[in-house]
Amino acid sequence: MEKKYYITTPIYYPSANFHIGHCYSTIIADSLARYKRLDGYDTYFLTGSDEHGQKIEKKAEEAGVAPKEYVDKIVENAKDLWNSLGITYDRFIRTTDTDHVEIVGNIFKKLYDQDDIYKGTYKGLYCTPCESFWTETQAKDGKCPDCGREVHEVSEEAYFLKLSKYQKRLEEYIETHPSFIQPESRKNEMLNNFIKPGLEDLCVSRTSFKWGIPVTFDPEHVVYVWLDALSNYITALGYSTDKDEKFKKFWPADVHIVGKEIVRFHTIIWPIILMALDLPLPEKVFGHGWLVIEGNKISKSLGNYKDPRDYIDKYGVDPVRYFVLREIPFGNDGNFSEEALINRTNSDLANIWGNLVNRTIGMANKYFEGQIENTEQVEDADKELREKLCTLKANIDEKIDHLQVSKALEEIFEVLRLSNKYIDDTAPWILAKDETKKTRLQTVLYNLLEAIRIAAILLKAFVPTSAEDVLKQIGKNQGDFQNATYIENGTYSVTKEPHPLFQRIELPNE
Ligand code: MSP
């Protein structure tokens with residue numbers, strides 16, 4: 001059977017102020033997509049922008065332009081940022097794309113026709129920045145439980161989605177599919193705090209503003225942004241159209257990557273929409289933690305905001321990718337500071353990886369004019385490293401399937417660290433002094449090059465530019481995942497002109 005992998009990021013609200021935290025959902029999804037692609041999966045990686053809603057309408061009005069004009073400009077900025085980060089998406093969907101608009105209109109109509117959506121009156125509280133409805137009990141003191149800003153009362157004729165009808169089915173589904181919501185703690189939170197206490201029907205249309213997808217049969221109403229936005233995961237694949245090959249091939253998604261604050265939408269509203277449409281649910285929803293600064297959100301108003309491109313320009317794209325991937329452990333928050341970024345780059349990328357590559361290529365050139373083969377003078381000192389190299393790929397596969405990207409990187413770097421230790425233990429410079437030890441010296445260098453090669457192949461998914469650079473320097477351009485294991489009888493011809501992978505960065509006060 002053909003192996004397929006469908007991965008999505010949240011579609012972003014168009015914002016001119018994307019910060020480094022925003023990049024995390026996209027960098028992690030890109031790394032997972034790259035990994036699966038390299039591993040032979042037919043992969044589809046979707047990202048995009050979530051462009052409708054009252055918030056955008058207001059912002060455009062303040063800027064004195066039409067909403068579409070407003071979002072067009074910002075979307076260009078987002079694409080430019082993803083480009084600078086080396087994001088390899090297959091489609092950048094915009095919720096203003098005509099195919100999406102049309103399919104969302106059809107979804108709404110279908111749900112109405114089959115009585116999963118009905119007309120009523122909405123009276124309650126609304127948080128415009130989060131585009132979220134809240135009940136009196138949820139919005140204590142008139143504040144949005146998510147962002148803490150003021151909610152306001154709205155009362156309007158509206159359409160409702162019958163969440164209550166599907167509550168039991170959803171509860172059972174989550175309980176019988178333990179890996180559907182990751183991490184486990186978020187699953188419990190959803191079940192105990194939201195689903196089990198009872199789901200109220202959800203208001204899925206608005207009449208107080210215009211910037212949205214019109215309800216086809218009642219155009220005074222626009223579709224609620226979350227119904228519009230969540231549908232992107234299937235509209236992008238041509239669901240319900242005559243061009244639905246991608247939908248047939250890729251749905252259900254293997255994983256939706258989402259930040260922890262939007263798990264609720266993805267594990268309650270989205271599955272219920274899918275159940276109502278009689279479609280299978282995604283395999284997994286992964287709610288990742290946030291990058292925070294001393295426990296605080298990153299934001300322009302807190303004065304800790306910087307354009308991520310400033311860091312990319314200053315330190316390079318791979319240090320930025322590596323930092324966010326390594327620093328946010330599975331499901332938890334990670335701390336961001338420029339100092340932490342510099343320390344990570346120096347300790348892992350320059351000292352462990354860069355040094356290993358540089359020392360090994362240097363020795364291969366010095367002792368064997370860059371030509372190395374395995375002379376199989378195996379000694380006990382080689383055992384641990386060789387064993388690790390044989391199992392590394394399977395080990396990383398497992399971490400990736402469990403979305404433990406930080407852990408995966410830790411393990412790869414553990415092998416690189418072990419390789420540096422192997423140099424110290426085998427002391428090639430001493431072997432080089434003794435003519436009778438030359439064959440042993442070749443084996444040592446061969447093992448080191450194998451470690452560098454295998455690690456670089458795997459690292460292509462996370463820090464692609466540097467990993468490809470390493471493979472080129474050791475003369476192995478084809479970094480195929482099938483070859484990510486110890487090969488007994490390979491040969492190496494390393495570059496005569498090695499260059500450092502990463503420059504050590506001085507801390508500003510050093
Ligand atoms: N438009 C919705 C998603 C709709 S998906 C059908 C949205 N957009 S967003 O622009 O506000 O957020 C996009 C992603 O960025 C979310 O996954 C969010 O969690 C993530 N992040 C925003 N700030 C973040 C950090 N400081 N750290 C890590 N991720 C964070 O929500």
# chains A, B, ... in the order shown; residues from 1 in each chain; ligands from 1
$ closest_atom_pairs --of "chain A" --to "ligand 1" --cutoff "7 Å" --atoms "only C-alpha atoms and all ligand atoms" --output "CSV"
residue,atom,partner,partner_atom_place_in_ligand_line,distance
A:Pro10,CA,ligand 1,5 (S),3.7
A:Ile11,CA,ligand 1,5 (S),4.6
A:Tyr12,CA,ligand 1,10 (O),3.7
A:Tyr13,CA,ligand 1,10 (O),4.1
A:Pro14,CA,ligand 1,10 (O),6.9
A:Gly21,CA,ligand 1,25 (C),3.4
A:His22,CA,ligand 1,15 (O),4.1
A:Cys23,CA,ligand 1,15 (O),6.8
A:Tyr24,CA,ligand 1,28 (C),5.2
A:Ser25,CA,ligand 1,17 (O),5.5
A:Ser49,CA,ligand 1,1 (N),7.0
A:Asp50,CA,ligand 1,1 (N),5.0
A:Trp226,CA,ligand 1,6 (C),6.6
A:Ala229,CA,ligand 1,6 (C),4.4
A:Leu230,CA,ligand 1,6 (C),4.0
A:Asn232,CA,ligand 1,6 (C),6.8
A:Val258,CA,ligand 1,17 (O),4.2
A:Gly259,CA,ligand 1,19 (O),3.0
A:Lys260,CA,ligand 1,19 (O),5.9
A:Glu261,CA,ligand 1,19 (O),6.0
A:Ile262,CA,ligand 1,31 (O),6.2
A:Gly289,CA,ligand 1,28 (C),6.1
A:Trp290,CA,ligand 1,27 (N),3.4
A:Leu291,CA,ligand 1,27 (N),3.9
A:Val292,CA,ligand 1,26 (N),5.6
A:Lys297,CA,ligand 1,26 (N),5.8
A:Ile298,CA,ligand 1,26 (N),5.4
$ residues_around --residues "A:Lys399" --least-positions-apart "4" --cutoff "12 Å" --atoms "only C-alpha atoms" --output "short mmCIF file (atom, residue, chain, number, x, y, z; two decimals) with all heavy atoms, in the first residue's frame"
data_model
loop_
_atom_site.label_atom_id
_atom_site.label_comp_id
_atom_site.auth_asym_id
_atom_site.auth_seq_id
_atom_site.Cartn_x
_atom_site.Cartn_y
_atom_site.Cartn_z
N LEU A 32 8.17 17.80 10.17
CA LEU A 32 7.50 16.50 10.10
C LEU A 32 7.20 16.14 8.64
O LEU A 32 7.39 15.00 8.22
CB LEU A 32 6.21 16.53 10.92
CG LEU A 32 6.41 16.70 12.44
CD1 LEU A 32 5.09 17.06 13.13
CD2 LEU A 32 6.99 15.44 13.07
N TYR A 35 10.37 15.13 6.96
CA TYR A 35 10.80 13.81 7.43
C TYR A 35 10.05 12.71 6.70
O TYR A 35 10.63 11.75 6.19
CB TYR A 35 10.58 13.69 8.94
CG TYR A 35 11.32 12.52 9.56
CD1 TYR A 35 12.61 12.68 10.06
CD2 TYR A 35 10.73 11.26 9.61
CE1 TYR A 35 13.30 11.60 10.61
CE2 TYR A 35 11.41 10.18 10.16
CZ TYR A 35 12.69 10.35 10.66
OH TYR A 35 13.38 9.29 11.20
N PHE A 330 7.83 18.33 24.06
CA PHE A 330 6.52 17.80 23.70
C PHE A 330 5.39 18.41 24.55
O PHE A 330 5.31 18.16 25.75
CB PHE A 330 6.54 16.28 23.86
CG PHE A 330 5.25 15.62 23.51
CD1 PHE A 330 4.85 15.53 22.18
CD2 PHE A 330 4.44 15.08 24.48
CE1 PHE A 330 3.68 14.91 21.84
CE2 PHE A 330 3.25 14.45 24.15
CZ PHE A 330 2.88 14.38 22.82
N LEU A 392 19.60 4.24 15.08
CA LEU A 392 19.19 5.65 15.18
C LEU A 392 17.94 5.96 14.36
O LEU A 392 16.98 6.55 14.86
CB LEU A 392 20.35 6.57 14.75
CG LEU A 392 20.09 8.06 14.96
CD1 LEU A 392 19.86 8.40 16.43
CD2 LEU A 392 21.26 8.91 14.41
N LYS A 393 17.92 5.54 13.12
CA LYS A 393 16.78 5.87 12.24
C LYS A 393 15.46 5.34 12.82
O LYS A 393 14.47 6.08 12.90
CB LYS A 393 17.05 5.29 10.84
CG LYS A 393 15.85 5.20 9.91
CD LYS A 393 15.46 6.54 9.33
CE LYS A 393 14.43 6.48 8.24
NZ LYS A 393 13.25 5.70 8.46
N ALA A 394 15.45 4.10 13.27
CA ALA A 394 14.21 3.52 13.82
C ALA A 394 13.79 4.28 15.07
O ALA A 394 12.59 4.53 15.29
CB ALA A 394 14.43 2.05 14.14
N ASN A 395 14.79 4.66 15.84
CA ASN A 395 14.54 5.42 17.05
C ASN A 395 13.89 6.79 16.75
O ASN A 395 12.91 7.20 17.38
CB ASN A 395 15.91 5.62 17.71
CG ASN A 395 15.80 5.98 19.14
OD1 ASN A 395 14.71 6.23 19.63
ND2 ASN A 395 16.93 6.03 19.81
N LEU A 403 5.42 12.61 17.59
CA LEU A 403 5.53 14.07 17.51
C LEU A 403 6.53 14.65 18.53
O LEU A 403 6.42 15.81 18.92
CB LEU A 403 4.16 14.72 17.69
CG LEU A 403 3.11 14.20 16.72
CD1 LEU A 403 1.71 14.48 17.23
CD2 LEU A 403 3.30 14.77 15.34
N GLN A 404 7.48 13.81 18.94
CA GLN A 404 8.46 14.28 19.92
C GLN A 404 9.70 14.82 19.20
O GLN A 404 10.77 14.19 19.21
CB GLN A 404 8.83 13.15 20.87
CG GLN A 404 7.64 12.70 21.69
CD GLN A 404 7.95 11.48 22.51
OE1 GLN A 404 8.74 10.64 22.10
NE2 GLN A 404 7.31 11.36 23.64
N VAL A 405 9.52 15.98 18.60
CA VAL A 405 10.58 16.51 17.74
C VAL A 405 11.79 16.94 18.57
O VAL A 405 12.94 16.68 18.20
CB VAL A 405 10.03 17.67 16.89
CG1 VAL A 405 11.14 18.38 16.16
CG2 VAL A 405 9.02 17.12 15.89
N SER A 406 11.54 17.57 19.69
CA SER A 406 12.66 18.01 20.52
C SER A 406 13.48 16.80 20.97
O SER A 406 14.71 16.81 20.94
CB SER A 406 12.10 18.76 21.73
OG SER A 406 13.12 19.04 22.63
N LYS A 407 12.79 15.75 21.34
CA LYS A 407 13.44 14.51 21.79
C LYS A 407 14.23 13.89 20.62
O LYS A 407 15.34 13.37 20.82
CB LYS A 407 12.35 13.55 22.27
CG LYS A 407 12.81 12.42 23.10
CD LYS A 407 12.74 12.74 24.60
CE LYS A 407 13.48 11.71 25.42
NZ LYS A 407 14.79 12.04 25.85
N ALA A 408 13.66 13.93 19.43
CA ALA A 408 14.34 13.37 18.25
C ALA A 408 15.67 14.09 18.04
O ALA A 408 16.71 13.47 17.82
CB ALA A 408 13.45 13.50 17.01
N LEU A 409 15.63 15.42 18.15
CA LEU A 409 16.86 16.18 17.97
C LEU A 409 17.86 15.88 19.08
O LEU A 409 19.06 15.76 18.84
CB LEU A 409 16.56 17.68 17.93
CG LEU A 409 15.90 18.16 16.64
CD1 LEU A 409 15.46 19.61 16.76
CD2 LEU A 409 16.85 18.01 15.45
N GLU A 410 17.34 15.73 20.27
CA GLU A 410 18.22 15.41 21.40
C GLU A 410 18.96 14.10 21.13
O GLU A 410 20.17 14.00 21.36
CB GLU A 410 17.34 15.27 22.64
CG GLU A 410 18.05 15.51 23.95
CD GLU A 410 17.08 15.32 25.11
OE1 GLU A 410 15.94 15.86 25.06
OE2 GLU A 410 17.47 14.63 26.06
N GLU A 411 18.25 13.13 20.59
CA GLU A 411 18.87 11.81 20.33
C GLU A 411 19.91 11.88 19.21
O GLU A 411 20.94 11.25 19.28
CB GLU A 411 17.79 10.79 19.96
CG GLU A 411 16.74 10.67 21.01
CD GLU A 411 16.66 9.29 21.64
OE1 GLU A 411 17.27 8.36 21.11
OE2 GLU A 411 15.97 9.19 22.67
N ILE A 412 19.59 12.65 18.18
CA ILE A 412 20.57 12.77 17.09
C ILE A 412 21.83 13.46 17.62
O ILE A 412 22.95 13.05 17.35
CB ILE A 412 19.99 13.54 15.87
CG1 ILE A 412 18.76 12.81 15.31
CG2 ILE A 412 21.04 13.72 14.79
CD1 ILE A 412 18.00 13.58 14.23
#
$ residues_around --residues "A:Ser15" --least-positions-apart "6" --cutoff "9 Å" --atoms "only C-alpha atoms" --output "list of chain:residue names"
A:Val71, A:Ile74, A:Val75, A:Asn77, A:Ala78
$ write_last_selection --atoms "N, CA, C and O atoms" --output "PDB file, in the first residue's frame"
ATOM      1  N   VAL A  71      -5.879  42.254   3.456  1.00  0.00           N
ATOM      2  CA  VAL A  71      -5.292  40.931   3.684  1.00  0.00           C
ATOM      3  C   VAL A  71      -4.291  40.548   2.589  1.00  0.00           C
ATOM      4  O   VAL A  71      -3.293  39.895   2.874  1.00  0.00           O
ATOM      5  N   ILE A  74      -0.853  41.588   3.582  1.00  0.00           N
ATOM      6  CA  ILE A  74      -0.299  40.863   4.729  1.00  0.00           C
ATOM      7  C   ILE A  74       0.046  39.424   4.360  1.00  0.00           C
ATOM      8  O   ILE A  74       1.029  38.866   4.834  1.00  0.00           O
ATOM      9  N   VAL A  75      -0.773  38.845   3.484  1.00  0.00           N
ATOM     10  CA  VAL A  75      -0.510  37.470   3.082  1.00  0.00           C
ATOM     11  C   VAL A  75       0.838  37.378   2.343  1.00  0.00           C
ATOM     12  O   VAL A  75       1.594  36.423   2.517  1.00  0.00           O
ATOM     13  N   ASN A  77       3.364  39.113   3.016  1.00  0.00           N
ATOM     14  CA  ASN A  77       4.344  39.155   4.098  1.00  0.00           C
ATOM     15  C   ASN A  77       4.503  37.763   4.732  1.00  0.00           C
ATOM     16  O   ASN A  77       5.617  37.310   4.991  1.00  0.00           O
ATOM     17  N   ALA A  78       3.366  37.076   4.935  1.00  0.00           N
ATOM     18  CA  ALA A  78       3.431  35.732   5.538  1.00  0.00           C
ATOM     19  C   ALA A  78       4.177  34.776   4.610  1.00  0.00           C
ATOM     20  O   ALA A  78       5.057  34.028   5.049  1.00  0.00           O
TER      21      ALA A  78
END
$ residues_around --residues "A:Asp382" --least-positions-apart "4" --cutoff "9 Å" --atoms "only C-alpha atoms" --output "list in words"
Val378, Arg386, Glu387, Tyr422, Thr426, Val444 and Asn447 of chain A
$ write_last_selection --atoms "N, CA and C atoms" --output "PDB file, in the first residue's frame"
ATOM      1  N   VAL A 378      38.114  -3.540  13.627  1.00  0.00           N
ATOM      2  CA  VAL A 378      37.110  -3.201  14.643  1.00  0.00           C
ATOM      3  C   VAL A 378      37.634  -3.483  16.054  1.00  0.00           C
ATOM      4  N   ARG A 386      28.721   2.212  16.813  1.00  0.00           N
ATOM      5  CA  ARG A 386      28.166   1.468  15.682  1.00  0.00           C
ATOM      6  C   ARG A 386      26.751   0.970  15.975  1.00  0.00           C
ATOM      7  N   GLU A 387      26.551   0.516  17.158  1.00  0.00           N
ATOM      8  CA  GLU A 387      25.198   0.048  17.517  1.00  0.00           C
ATOM      9  C   GLU A 387      24.186   1.183  17.449  1.00  0.00           C
ATOM     10  N   TYR A 422      34.155   9.702  21.017  1.00  0.00           N
ATOM     11  CA  TYR A 422      34.863   8.603  20.328  1.00  0.00           C
ATOM     12  C   TYR A 422      36.225   9.095  19.795  1.00  0.00           C
ATOM     13  N   THR A 426      39.580   7.323  21.087  1.00  0.00           N
ATOM     14  CA  THR A 426      40.443   6.576  20.159  1.00  0.00           C
ATOM     15  C   THR A 426      41.718   7.341  19.811  1.00  0.00           C
ATOM     16  N   VAL A 444      38.639   4.114  12.290  1.00  0.00           N
ATOM     17  CA  VAL A 444      38.131   5.151  13.200  1.00  0.00           C
ATOM     18  C   VAL A 444      37.521   6.302  12.395  1.00  0.00           C
ATOM     19  N   ASN A 447      34.256   5.261  10.726  1.00  0.00           N
ATOM     20  CA  ASN A 447      33.124   5.250  11.671  1.00  0.00           C
ATOM     21  C   ASN A 447      32.627   6.666  11.940  1.00  0.00           C
TER      22      ASN A 447
END
$ atom_distance --atom1 "atom CA of A:Ala340" --atom2 "atom CA of A:Val317"
15.6 Å
$ closest_residue --among "A:Ala427, A:Ile174, A:Ala139, A:Leu161" --to "A:Tyr122" --atoms "only C-alpha atoms"
A:Leu161
$ closest_residue --among "A:Lys140, A:Arg91, A:Lys196, A:Lys36" --to "A:Asp397" --atoms "only C-alpha atoms"
A:Lys36
$ closest_residue --among "A:Tyr446, A:Tyr367, A:Trp211, A:Phe462" --to "A:Tyr224" --atoms "only C-alpha atoms"
A:Trp211
$ closest_residue --among "A:Lys168, A:Arg440, A:Lys421, A:Lys210" --to "A:Glu57" --atoms "only C-alpha atoms"
A:Lys210
